[in-house]
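Just protein_35.pdb here, PDB, C-alpha atoms, pLDDT in the B column:
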ATOM      1  CA  ASP V   1      13.957  -4.779  -1.573  1.00 86.00           C
ATOM      2  CA  SER V   2      12.211  -2.148   0.548  1.00 90.00           C
ATOM      3  CA  GLY V   3      14.062  -2.996   3.746  1.00 94.00           C
ATOM      4  CA  VAL V   4      10.840  -4.000   5.496  1.00 97.00           C
ATOM      5  CA  THR V   5      10.764  -7.658   6.492  1.00 98.00           C
ATOM      6  CA  GLN V   6       7.789  -9.826   7.310  1.00 98.00           C
ATOM      7  CA  THR V   7       7.565 -13.346   8.632  1.00 98.00           C
ATOM      8  CA  PRO V   8       6.282 -15.834   7.871  1.00 98.00           C
ATOM      9  CA  LYS V   9       5.767 -15.532   4.131  1.00 97.00           C
ATOM     10  CA  HIS V  10       3.027 -18.145   4.172  1.00 97.00           C
ATOM     11  CA  LEU V  11       0.896 -19.394   7.041  1.00 97.00           C
ATOM     12  CA  ILE V  12      -1.679 -22.182   7.026  1.00 98.00           C
ATOM     13  CA  THR V  13      -3.948 -22.684   9.981  1.00 98.00           C
ATOM     14  CA  ALA V  14      -7.459 -23.787  10.913  1.00 98.00           C
ATOM     15  CA  THR V  15     -10.628 -21.892  11.750  1.00 98.00           C
ATOM     16  CA  GLY V  16     -10.822 -20.753  15.344  1.00 98.00           C
ATOM     17  CA  GLN V  17      -7.050 -20.625  15.747  1.00 98.00           C
ATOM     18  CA  ARG V  18      -4.818 -17.671  16.590  1.00 98.00           C
ATOM     19  CA  VAL V  19      -1.724 -16.557  14.667  1.00 98.00           C
ATOM     20  CA  THR V  20       0.905 -13.857  14.990  1.00 98.00           C
ATOM     21  CA  LEU V  21       2.416 -12.052  12.030  1.00 98.00           C
ATOM     22  CA  ARG V  22       5.694 -10.240  12.492  1.00 98.00           C
ATOM     23  CA  CYS V  23       7.075  -7.126  10.841  1.00 98.00           C
ATOM     24  CA  SER V  24      10.443  -5.397  11.129  1.00 98.00           C
ATOM     25  CA  PRO V  25      10.484  -1.849   9.749  1.00 97.00           C
ATOM     26  CA  ARG V  26      13.310  -0.261   7.796  1.00 96.00           C
ATOM     27  CA  SER V  27      16.205   0.834   9.924  1.00 94.00           C
ATOM     28  CA  GLY V  28      15.359   4.156  11.546  1.00 91.00           C
ATOM     29  CA  ASP V  29      11.655   4.121  10.693  1.00 94.00           C
ATOM     30  CA  LEU V  30       9.445   4.706  13.710  1.00 93.00           C
ATOM     31  CA  SER V  31       6.035   4.160  12.114  1.00 94.00           C
ATOM     32  CA  VAL V  32       4.571   0.793  11.224  1.00 96.00           C
ATOM     33  CA  TYR V  33       1.330   0.349   9.315  1.00 96.00           C
ATOM     34  CA  TRP V  34      -0.639  -2.841   8.779  1.00 98.00           C
ATOM     35  CA  TYR V  35      -2.791  -3.399   5.694  1.00 97.00           C
ATOM     36  CA  GLN V  36      -4.700  -6.336   4.344  1.00 97.00           C
ATOM     37  CA  GLN V  37      -5.218  -7.097   0.682  1.00 95.00           C
ATOM     38  CA  SER V  38      -8.071  -9.116  -0.762  1.00 91.00           C
ATOM     39  CA  LEU V  39      -9.351  -9.492  -4.301  1.00 84.00           C
ATOM     40  CA  ASP V  40     -12.686  -7.853  -3.580  1.00 83.00           C
ATOM     41  CA  GLN V  41     -11.657  -5.138  -1.096  1.00 83.00           C
ATOM     42  CA  GLY V  42      -8.189  -4.336  -2.374  1.00 89.00           C
ATOM     43  CA  LEU V  43      -5.622  -2.873   0.007  1.00 93.00           C
ATOM     44  CA  GLN V  44      -7.179  -1.658   3.241  1.00 95.00           C
ATOM     45  CA  PHE V  45      -5.560   0.053   6.197  1.00 95.00           C
ATOM     46  CA  LEU V  46      -5.816  -1.747   9.514  1.00 97.00           C
ATOM     47  CA  ILE V  47      -3.735   0.060  12.114  1.00 96.00           C
ATOM     48  CA  GLN V  48      -0.722   2.319  12.635  1.00 94.00           C
ATOM     49  CA  TYR V  49       1.877   2.436  15.386  1.00 95.00           C
ATOM     50  CA  TYR V  50       4.426   5.135  15.995  1.00 93.00           C
ATOM     51  CA  ASN V  51       7.339   4.514  18.339  1.00 94.00           C
ATOM     52  CA  GLY V  52       5.378   1.959  20.331  1.00 95.00           C
ATOM     53  CA  GLU V  53       2.080   3.791  20.514  1.00 95.00           C
ATOM     54  CA  GLU V  54      -1.081   3.224  18.543  1.00 95.00           C
ATOM     55  CA  ARG V  55      -1.715   6.212  16.284  1.00 92.00           C
ATOM     56  CA  ALA V  56      -4.616   5.335  14.014  1.00 92.00           C
ATOM     57  CA  LYS V  57      -7.113   2.583  13.461  1.00 93.00           C
ATOM     58  CA  GLY V  58      -8.828   1.620  10.268  1.00 93.00           C
ATOM     59  CA  ASN V  59     -11.070  -1.285   9.428  1.00 86.00           C
ATOM     60  CA  ILE V  60      -9.518  -3.640  11.945  1.00 95.00           C
ATOM     61  CA  LEU V  61     -11.732  -6.320  13.460  1.00 96.00           C
ATOM     62  CA  GLU V  62     -12.024  -6.586  17.240  1.00 96.00           C
ATOM     63  CA  ARG V  63     -10.521 -10.080  17.172  1.00 97.00           C
ATOM     64  CA  PHE V  64      -7.389  -8.596  15.568  1.00 98.00           C
ATOM     65  CA  SER V  65      -4.837  -6.688  17.588  1.00 97.00           C
ATOM     66  CA  ALA V  66      -1.353  -5.329  17.123  1.00 98.00           C
ATOM     67  CA  GLN V  67       1.542  -3.935  19.079  1.00 98.00           C
ATOM     68  CA  GLN V  68       4.900  -2.345  18.479  1.00 98.00           C
ATOM     69  CA  PHE V  69       7.823  -3.285  20.678  1.00 97.00           C
ATOM     70  CA  PRO V  70      10.726  -1.152  21.988  1.00 96.00           C
ATOM     71  CA  ASP V  71      12.965  -2.433  19.179  1.00 96.00           C
ATOM     72  CA  LEU V  72      10.251  -1.106  16.801  1.00 97.00           C
ATOM     73  CA  HIS V  73       9.235  -4.425  15.338  1.00 97.00           C
ATOM     74  CA  SER V  74       5.511  -5.013  15.257  1.00 98.00           C
ATOM     75  CA  GLU V  75       3.222  -7.973  15.560  1.00 98.00           C
ATOM     76  CA  LEU V  76      -0.305  -8.414  14.255  1.00 98.00           C
ATOM     77  CA  ASN V  77      -2.330 -10.940  16.199  1.00 98.00           C
ATOM     78  CA  LEU V  78      -5.307 -12.556  14.529  1.00 98.00           C
ATOM     79  CA  SER V  79      -7.610 -14.691  16.668  1.00 98.00           C
ATOM     80  CA  SER V  80     -10.760 -16.765  16.238  1.00 98.00           C
ATOM     81  CA  LEU V  81      -9.772 -17.091  12.610  1.00 98.00           C
ATOM     82  CA  GLU V  82     -12.415 -17.467   9.939  1.00 98.00           C
ATOM     83  CA  LEU V  83     -12.194 -18.615   6.339  1.00 97.00           C
ATOM     84  CA  GLY V  84     -12.604 -15.024   5.208  1.00 96.00           C
ATOM     85  CA  ASP V  85      -9.393 -14.024   6.961  1.00 97.00           C
ATOM     86  CA  SER V  86      -7.494 -15.845   4.221  1.00 97.00           C
ATOM     87  CA  VAL V  87      -5.922 -12.830   2.562  1.00 97.00           C
ATOM     88  CA  LEU V  88      -2.573 -11.098   2.285  1.00 97.00           C
ATOM     89  CA  TYR V  89      -1.309  -9.009   5.184  1.00 98.00           C
ATOM     90  CA  PHE V  90       1.258  -6.303   4.578  1.00 98.00           C
ATOM     91  CA  CYS V  91       3.124  -4.051   6.870  1.00 98.00           C
ATOM     92  CA  ALA V  92       4.733  -0.812   5.823  1.00 97.00           C
ATOM     93  CA  SER V  93       7.037   1.640   7.527  1.00 96.00           C
ATOM     94  CA  SER V  94       7.855   5.302   7.118  1.00 92.00           C
ATOM     95  CA  VAL V  95      10.370   7.828   8.401  1.00 85.00           C
ATOM     96  CA  ALA V  96       9.392  10.320  11.078  1.00 77.00           C
ATOM     97  CA  GLY V  97       9.585  13.320   8.773  1.00 77.00           C
ATOM     98  CA  ARG V  98       7.527  11.782   5.955  1.00 81.00           C
ATOM     99  CA  PRO V  99       4.934   9.555   7.582  1.00 81.00           C
ATOM    100  CA  GLU V 100       2.765   9.276   4.497  1.00 82.00           C
ATOM    101  CA  THR V 101       5.537   7.850   2.322  1.00 89.00           C
ATOM    102  CA  GLN V 102       5.237   4.197   3.167  1.00 94.00           C
ATOM    103  CA  TYR V 103       7.456   1.329   2.109  1.00 95.00           C
ATOM    104  CA  PHE V 104       5.898  -2.092   2.095  1.00 97.00           C
ATOM    105  CA  GLY V 105       7.175  -5.481   3.109  1.00 97.00           C
ATOM    106  CA  PRO V 106       6.732  -8.655   1.053  1.00 97.00           C
ATOM    107  CA  GLY V 107       3.581  -9.672   2.925  1.00 97.00           C
ATOM    108  CA  THR V 108       2.273 -12.738   4.707  1.00 98.00           C
ATOM    109  CA  ARG V 109      -0.246 -14.884   2.908  1.00 97.00           C
ATOM    110  CA  LEU V 110      -2.631 -16.463   5.405  1.00 98.00           C
ATOM    111  CA  LEU V 111      -4.711 -19.487   4.561  1.00 98.00           C
ATOM    112  CA  VAL V 112      -7.398 -20.540   7.014  1.00 98.00           C
ATOM    113  CA  LEU V 113      -8.774 -24.006   6.387  1.00 97.00           C
TER     114      LEU V 113
ATOM    115  CA  GLY O   1     -16.488   6.930   2.715  1.00 36.00           C
ATOM    116  CA  GLU O   2     -14.630   8.509  -0.150  1.00 39.00           C
ATOM    117  CA  SER O   3     -12.157   6.343  -1.980  1.00 44.00           C
ATOM    118  CA  VAL O   4      -9.710   6.304  -4.812  1.00 52.00           C
ATOM    119  CA  GLY O   5     -10.722   4.513  -7.991  1.00 46.00           C
ATOM    120  CA  LEU O   6      -9.214   3.577 -11.339  1.00 40.00           C
ATOM    121  CA  HIS O   7     -10.655   4.052 -14.807  1.00 45.00           C
ATOM    122  CA  LEU O   8      -9.105   0.992 -16.457  1.00 47.00           C
ATOM    123  CA  PRO O   9      -8.645  -2.350 -14.770  1.00 85.00           C
ATOM    124  CA  THR O  10      -6.330  -3.727 -17.501  1.00 91.00           C
ATOM    125  CA  LEU O  11      -3.926  -2.173 -19.964  1.00 94.00           C
ATOM    126  CA  SER O  12      -1.872  -3.897 -22.656  1.00 96.00           C
ATOM    127  CA  VAL O  13       0.953  -2.024 -24.363  1.00 97.00           C
ATOM    128  CA  GLN O  14       3.656  -2.892 -26.836  1.00 97.00           C
ATOM    129  CA  GLU O  15       7.210  -2.946 -25.551  1.00 97.00           C
ATOM    130  CA  GLY O  16       8.818   0.419 -26.205  1.00 97.00           C
ATOM    131  CA  ASP O  17       5.542   2.333 -26.238  1.00 97.00           C
ATOM    132  CA  ASN O  18       4.507   4.761 -23.539  1.00 97.00           C
ATOM    133  CA  SER O  19       1.933   3.717 -20.949  1.00 97.00           C
ATOM    134  CA  ILE O  20      -0.592   5.896 -19.205  1.00 97.00           C
ATOM    135  CA  ILE O  21      -2.408   4.643 -16.132  1.00 96.00           C
ATOM    136  CA  ASN O  22      -5.232   6.756 -14.785  1.00 94.00           C
ATOM    137  CA  CYS O  23      -6.747   7.217 -11.370  1.00 94.00           C
ATOM    138  CA  ALA O  24      -9.731   9.218 -10.146  1.00 93.00           C
ATOM    139  CA  TYR O  25      -9.969  10.294  -6.555  1.00 89.00           C
ATOM    140  CA  SER O  26     -12.995  11.650  -4.788  1.00 79.00           C
ATOM    141  CA  ASN O  27     -11.625  13.186  -1.593  1.00 90.00           C
ATOM    142  CA  SER O  28     -10.897  16.792  -2.479  1.00 91.00           C
ATOM    143  CA  ALA O  29      -9.100  17.164   0.856  1.00 91.00           C
ATOM    144  CA  SER O  30      -6.392  14.670  -0.117  1.00 92.00           C
ATOM    145  CA  ASP O  31      -3.041  16.396  -0.346  1.00 92.00           C
ATOM    146  CA  TYR O  32      -0.629  13.587  -1.046  1.00 93.00           C
ATOM    147  CA  PHE O  33      -0.649  10.862  -3.676  1.00 95.00           C
ATOM    148  CA  ILE O  34       1.536   7.844  -4.343  1.00 96.00           C
ATOM    149  CA  TRP O  35       1.862   5.336  -7.143  1.00 97.00           C
ATOM    150  CA  TYR O  36       2.842   1.795  -6.256  1.00 97.00           C
ATOM    151  CA  LYS O  37       3.801  -1.135  -8.459  1.00 97.00           C
ATOM    152  CA  GLN O  38       2.961  -4.624  -7.291  1.00 96.00           C
ATOM    153  CA  GLU O  39       4.431  -7.650  -8.986  1.00 95.00           C
ATOM    154  CA  SER O  40       2.987 -11.090  -8.464  1.00 91.00           C
ATOM    155  CA  GLY O  41       3.838 -12.460  -5.035  1.00 90.00           C
ATOM    156  CA  LYS O  42       5.423  -9.232  -3.835  1.00 94.00           C
ATOM    157  CA  GLY O  43       4.467  -6.229  -1.784  1.00 96.00           C
ATOM    158  CA  PRO O  44       3.630  -2.827  -3.264  1.00 96.00           C
ATOM    159  CA  GLN O  45       6.762  -1.029  -4.401  1.00 96.00           C
ATOM    160  CA  PHE O  46       6.984   2.765  -4.190  1.00 95.00           C
ATOM    161  CA  ILE O  47       7.318   4.373  -7.617  1.00 96.00           C
ATOM    162  CA  ILE O  48       6.700   8.085  -7.279  1.00 96.00           C
ATOM    163  CA  ASP O  49       4.714  10.531  -5.186  1.00 95.00           C
ATOM    164  CA  ILE O  50       3.305  14.009  -5.570  1.00 96.00           C
ATOM    165  CA  ARG O  51       1.876  16.595  -3.247  1.00 95.00           C
ATOM    166  CA  SER O  52      -1.199  18.645  -4.012  1.00 94.00           C
ATOM    167  CA  ASN O  53       0.815  21.838  -4.416  1.00 95.00           C
ATOM    168  CA  MET O  54       2.350  20.369  -7.580  1.00 96.00           C
ATOM    169  CA  ASP O  55       0.780  19.274 -10.853  1.00 96.00           C
ATOM    170  CA  LYS O  56       3.664  17.289 -12.300  1.00 98.00           C
ATOM    171  CA  ARG O  57       6.603  15.324 -11.016  1.00 98.00           C
ATOM    172  CA  GLN O  58       9.114  13.299 -12.957  1.00 97.00           C
ATOM    173  CA  GLY O  59      11.215  10.346 -12.001  1.00 95.00           C
ATOM    174  CA  GLN O  60      13.251   7.869 -13.943  1.00 93.00           C
ATOM    175  CA  ARG O  61      11.055   6.928 -16.936  1.00 96.00           C
ATOM    176  CA  VAL O  62       7.934   7.840 -14.942  1.00 98.00           C
ATOM    177  CA  THR O  63       5.897  10.998 -14.658  1.00 98.00           C
ATOM    178  CA  VAL O  64       2.955  11.646 -12.386  1.00 98.00           C
ATOM    179  CA  LEU O  65       0.389  14.273 -13.319  1.00 98.00           C
ATOM    180  CA  LEU O  66      -2.128  15.678 -10.895  1.00 97.00           C
ATOM    181  CA  ASN O  67      -5.226  17.578 -11.979  1.00 96.00           C
ATOM    182  CA  LYS O  68      -6.961  18.833  -8.863  1.00 93.00           C
ATOM    183  CA  THR O  69      -9.745  20.491 -10.822  1.00 93.00           C
ATOM    184  CA  VAL O  70     -11.117  17.156 -11.995  1.00 94.00           C
ATOM    185  CA  LYS O  71      -9.519  15.107  -9.208  1.00 94.00           C
ATOM    186  CA  HIS O  72      -7.487  13.001 -11.576  1.00 95.00           C
ATOM    187  CA  LEU O  73      -4.081  11.424 -11.247  1.00 96.00           C
ATOM    188  CA  SER O  74      -2.079   9.680 -13.933  1.00 97.00           C
ATOM    189  CA  LEU O  75       1.140   7.715 -14.172  1.00 98.00           C
ATOM    190  CA  GLN O  76       3.066   7.830 -17.405  1.00 98.00           C
ATOM    191  CA  ILE O  77       5.729   5.232 -18.078  1.00 98.00           C
ATOM    192  CA  ALA O  78       8.072   5.983 -20.946  1.00 98.00           C
ATOM    193  CA  ALA O  79       9.469   3.247 -23.209  1.00 97.00           C
ATOM    194  CA  THR O  80       7.570   0.506 -21.404  1.00 97.00           C
ATOM    195  CA  GLN O  81       9.594  -2.643 -20.771  1.00 97.00           C
ATOM    196  CA  PRO O  82       8.538  -6.216 -19.978  1.00 96.00           C
ATOM    197  CA  GLY O  83       9.701  -5.656 -16.416  1.00 96.00           C
ATOM    198  CA  ASP O  84       7.026  -3.007 -16.058  1.00 97.00           C
ATOM    199  CA  SER O  85       4.324  -5.676 -16.214  1.00 97.00           C
ATOM    200  CA  ALA O  86       2.565  -5.511 -12.851  1.00 96.00           C
ATOM    201  CA  VAL O  87      -0.476  -4.106 -11.096  1.00 96.00           C
ATOM    202  CA  TYR O  88      -0.276  -0.390 -10.440  1.00 97.00           C
ATOM    203  CA  PHE O  89      -2.089   1.261  -7.559  1.00 95.00           C
ATOM    204  CA  CYS O  90      -2.649   4.888  -6.789  1.00 95.00           C
ATOM    205  CA  ALA O  91      -3.082   5.860  -3.156  1.00 95.00           C
ATOM    206  CA  GLU O  92      -4.057   9.057  -1.424  1.00 94.00           C
ATOM    207  CA  ASN O  93      -3.665  10.616   1.980  1.00 92.00           C
ATOM    208  CA  ASN O  94      -5.322  13.523   3.707  1.00 88.00           C
ATOM    209  CA  SER O  95      -2.740  14.674   6.225  1.00 83.00           C
ATOM    210  CA  GLY O  96      -5.176  17.267   7.542  1.00 80.00           C
ATOM    211  CA  ALA O  97      -7.291  14.479   8.971  1.00 76.00           C
ATOM    212  CA  GLY O  98      -4.485  13.718  11.419  1.00 75.00           C
ATOM    213  CA  SER O  99      -3.787  10.261  10.061  1.00 78.00           C
ATOM    214  CA  TYR O 100      -1.260   9.064   7.540  1.00 85.00           C
ATOM    215  CA  GLN O 101      -3.155   6.005   6.427  1.00 89.00           C
ATOM    216  CA  LEU O 102      -3.257   5.506   2.699  1.00 92.00           C
ATOM    217  CA  THR O 103      -6.462   4.896   0.771  1.00 92.00           C
ATOM    218  CA  PHE O 104      -5.797   2.723  -2.255  1.00 93.00           C
ATOM    219  CA  GLY O 105      -7.500   2.374  -5.580  1.00 90.00           C
ATOM    220  CA  LYS O 106      -8.424  -1.027  -6.968  1.00 88.00           C
ATOM    221  CA  GLY O 107      -5.416  -1.274  -9.259  1.00 92.00           C
ATOM    222  CA  THR O 108      -4.667  -1.467 -12.984  1.00 94.00           C
ATOM    223  CA  LYS O 109      -2.929  -4.456 -14.467  1.00 95.00           C
ATOM    224  CA  LEU O 110      -0.319  -3.486 -17.026  1.00 97.00           C
ATOM    225  CA  SER O 111       0.735  -6.152 -19.504  1.00 96.00           C
ATOM    226  CA  VAL O 112       3.676  -5.440 -21.770  1.00 96.00           C
ATOM    227  CA  ILE O 113       3.702  -7.267 -25.083  1.00 95.00           C
ATOM    228  CA  PRO O 114       7.273  -8.117 -26.209  1.00 92.00           C
TER     229      PRO O 114
END
For this file, produce the structure as structure tokens.
Amino acid sequence: DSGVTQTPKHLITATGQRVTLRCSPRSGDLSVYWYQQSLDQGLQFLIQYYNGEERAKGNILERFSAQQFPDLHSELNLSSLELGDSVLYFCASSVAGRPETQYFGPGTRLLVL
Amino acid sequence: GESVGLHLPTLSVQEGDNSIINCAYSNSASDYFIWYKQESGKGPQFIIDIRSNMDKRQGQRVTVLLNKTVKHLSLQIAATQPGDSAVYFCAENNSGAGSYQLTFGKGTKLSVIP
């Protein structure tokens, strides 16, 4: 157990809908990273937050957004969902002194029907 | 853009043997590397890391070797056990780019034969 929690574990929704994925980092970690994992693209970085502020953006679609709250938990919002959004979403967290050493949560598997 | 890749997509080893998983990276500016283990239905689990100022690092039953000359990374698992069966990913980071995002390879599936 990495100490990073994600909810829900599974999520089924329909095309065009909007969902919110939640992540709680390890105690004391200020950075949260979101990644998505698909069979063809592998693990890809989406976005990073540090202590409530956006720090870096990767291949995140415009209809996706994220935020980090004062209690350091983070939410990834996915809107106008398409069939191709049916992949795994992971968040990871890291300590302030070692931001590149990331510990991953169990993931949320999204299925868009 | 540059990315991390893996030589072998699958690897089968006999229980008790040593395993070697290889990874090639193309970004010569990368200065930090991590190996993750991902079991079915779980998130990537940190195994071991190494910085570019080192060429070898050992953990419990695992050793990571870094060859910057040929941009090659390997993970050695000693006395492989059935519980080691998983997909292994290498990942890299270039801290000089100002971001700590990890770039992952495609993964190698390790199957341990009892």
Exercise for review: For chain V, work out the contacting residues on chain O at 6 Å, counting all atoms listed in the file, and write them as an MDAnalysis selection string.
Suggested key: chainID O and resid 42:44 100 106
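Using the PyMOL selection byres ((chain V and resi 65-69) around 9) on this structure selects Val32, Trp34, Ile47, Gln48, Tyr49, Tyr50, Asn51, Gly52, Glu53, Glu54, Ile60, Leu61, Glu62, Arg63, Phe64, Pro70, Asp71, Leu72, His73, Ser74, Glu75, Leu76, Asn77, Leu78 and Ser79 of chain V.
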Practice item. Return the single residue from O:Cys23, O:Phe104, O:Val112, O:Ser74 that is closest to Lys56 in chain O, with distances computed using all atoms listed in the file. Key: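 The shortest atom-to-atom distance to Lys56 in chain O comes from O:Ser74.
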Practice item. Give me, please, the distance in Å between CA of Tyr32 in chain O and CA of Ile50 in chain O, quoted to one decimal. Key: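 Answer for the CA of Tyr32 in chain O to CA of Ile50 in chain O separation: 6.0 Å.
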Check your understanding: So how many Å separate CA of Asn53 in chain O and CA of Ala91 in chain O, to one decimal?
Key -> 16.5 Å
Exercise for review: Name the residues that the PyMOL selection byres ((chain O and resi 24-30) around 12) pulls out of this structure, and write them as a PyMOL selection string.
Suggested key: (chain V and resi 100) or (chain O and resi 1-8+21-23+31-34+50-53+65-75+89-107)
Put a box with edges along x, y and z around all the listed atoms of range 13-19 of chain O, pad it by 6 Å on each side, then give me its centre and sizes in Å, one decimal, as lines of an AutoDock Vina configuration file.
center_x = 4.9
center_y = 0.9
center_z = -23.9
size_x = 19.9
size_y = 19.7
size_z = 17.9
Exercise for review: Name the closest residue to Gln76 in chain O among the candidates O:Leu11, O:Thr63, O:Tyr88, O:Lys109; distances are taken between atoms, counting only C-alpha atoms.
Suggested key: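 The answer is O:Thr63, which sits nearest to Gln76 in chain O.
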Review point. Mind pulling up the distance from CA of Ser38 in chain V to CA of His10 in chain V?
Key: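 These two atoms are separated by 15.1 Å.
Restricting the calculation to all atoms listed in the file, the smallest distance between Trp35 in chain O and any of O:Leu110, O:Ala78, O:Ile20, O:Val64 is found for O:Val64.
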Practice item. In the coordinates of the file, take the point (14.8, -3.2, -18.7) and a cut-off of 12 Å; then, counting all atoms listed in the file, name each qualifying protein, DNA or RNA residue as a list in words. Key: Glu15, Gly16, Arg61, Ala78, Ala79, Thr80, Gln81, Pro82, Gly83, Asp84, Ser85, Val112 and Pro114 of chain O
Point to revise | Which residue of V:Leu111, V:Leu30, V:Leu83, V:Arg18 approaches Gly97 in chain V most closely, using all atoms listed in the file | key: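 Smallest distance to Gly97 in chain V is found for V:Leu30.
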Restrict the output to range 76-98 of chain O and N, CA and C atoms, then write it as a compact mmCIF listing (two decimals), in the first residue's frame.
# COMPACT_ATOMS: atom_id res chain seq x y z
N GLN O 76 17.83 -6.00 -12.30
CA GLN O 76 18.14 -7.39 -12.03
C GLN O 76 17.40 -7.81 -10.77
N ILE O 77 16.70 -8.92 -10.87
CA ILE O 77 16.00 -9.48 -9.73
C ILE O 77 16.65 -10.81 -9.40
N ALA O 78 17.15 -10.94 -8.20
CA ALA O 78 17.81 -12.16 -7.78
C ALA O 78 16.80 -13.16 -7.23
N ALA O 79 17.05 -14.45 -7.51
CA ALA O 79 16.21 -15.53 -6.97
C ALA O 79 14.74 -15.21 -7.19
N THR O 80 14.36 -15.09 -8.45
CA THR O 80 13.01 -14.68 -8.80
C THR O 80 11.96 -15.59 -8.18
N GLN O 81 10.92 -14.98 -7.66
CA GLN O 81 9.84 -15.71 -6.98
C GLN O 81 8.53 -15.52 -7.73
N PRO O 82 7.57 -16.40 -7.52
CA PRO O 82 6.27 -16.24 -8.20
C PRO O 82 5.64 -14.88 -7.95
N GLY O 83 5.86 -14.32 -6.78
CA GLY O 83 5.31 -13.00 -6.48
C GLY O 83 5.94 -11.88 -7.28
N ASP O 84 7.00 -12.18 -7.99
CA ASP O 84 7.63 -11.17 -8.84
C ASP O 84 6.93 -11.05 -10.19
N SER O 85 6.03 -11.96 -10.48
CA SER O 85 5.30 -11.91 -11.75
C SER O 85 4.48 -10.63 -11.82
N ALA O 86 4.76 -9.82 -12.82
CA ALA O 86 4.11 -8.52 -12.96
C ALA O 86 4.63 -7.87 -14.24
N VAL O 87 4.16 -6.68 -14.51
CA VAL O 87 4.72 -5.86 -15.58
C VAL O 87 5.66 -4.85 -14.94
N TYR O 88 6.84 -4.72 -15.50
CA TYR O 88 7.85 -3.82 -14.98
C TYR O 88 8.05 -2.66 -15.95
N PHE O 89 8.02 -1.46 -15.40
CA PHE O 89 8.21 -0.26 -16.20
C PHE O 89 9.45 0.49 -15.73
N CYS O 90 10.21 1.00 -16.68
CA CYS O 90 11.22 1.98 -16.33
C CYS O 90 10.64 3.35 -16.64
N ALA O 91 11.09 4.34 -15.92
CA ALA O 91 10.63 5.71 -16.13
C ALA O 91 11.81 6.65 -15.95
N GLU O 92 11.77 7.77 -16.64
CA GLU O 92 12.86 8.72 -16.57
C GLU O 92 12.32 10.11 -16.29
N ASN O 93 13.22 10.94 -15.78
CA ASN O 93 12.89 12.34 -15.54
C ASN O 93 14.11 13.20 -15.86
N ASN O 94 13.84 14.34 -16.44
CA ASN O 94 14.87 15.34 -16.68
C ASN O 94 14.57 16.53 -15.78
N SER O 95 15.17 16.56 -14.61
CA SER O 95 14.86 17.62 -13.66
C SER O 95 15.30 18.99 -14.18
N GLY O 96 16.26 19.00 -15.09
CA GLY O 96 16.73 20.26 -15.65
C GLY O 96 15.69 20.96 -16.51
N ALA O 97 14.68 20.21 -16.93
CA ALA O 97 13.63 20.80 -17.75
C ALA O 97 12.61 21.55 -16.90
N GLY O 98 12.78 21.48 -15.57
CA GLY O 98 11.90 22.22 -14.69
C GLY O 98 10.61 21.50 -14.36
